[in-house]
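Q: Can you read through this structure? Questions will come right after.
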Amino acid sequence: MPTNREVQRAAESFRLLADPTRIKILWALLQGESSVADLADLVGATPTAVSQHLAKLRLARLVAGRREGTFVYYSAADEHVRRLLAEALDQVGATS
């Protein structure tokens with residue numbers, strides 16, 4: 001049986017993924033590194049909204065950022081994110 005802390009962290013990760021824009025952001029980042037402006041264009045949201053989503057995803061360690069000058073480029077944190085998102089989308093038949 002997982003500990004209460006582990007269960008809480010898992011539930012929080014699922015809560016974070018319960019937003020369509022965050023799923024789109026993660027899917028885009030699984031295709032490669034991207035800036036906030038590029039992500040905003042891809043997912044159809046404002047850069048401000050994308051930044052707020054990225055902040056939450058970064059706190060959950062689902063995305064990582066790399067600073068280059070005044071820009072930050074984001075990517076999926078690791079292969080675990082790819083598997084997690086693929087499983088969720090497979091469940092609904094989106095990647096079949």
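Just remember, in the structure tokens the first chain shown is A, the second B, etc., residues are 1-based per chain, and ligands are 1-based in the order shown.
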Enumerate the residues of chain A with a DSSP assignment of strand (DSSP E), computed from the backbone, and present them as a PyMOL selection string.
A: chain A and resi 34-35+63-68+71-76
Q: Quick one: distance from CA of Ile23 (chain A) to CA of Thr3 (chain A) in Å, one decimal?
A: 27.0 Å
Q: Closest to Arg67 (chain A) among A:Thr21, A:Ser51, A:Ser35, A:Gln8, using only C-alpha atoms?
A: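 Under the stated criterion, the closest residue is A:Ser35.
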Q: Taking only C-alpha atoms into account, which of A:Thr46, A:Gln91, A:Gln52, A:Ser34 comes nearest Glu68 (chain A)?
A: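 Of the candidates, the smallest distance to Glu68 (chain A) is held by A:Ser34.
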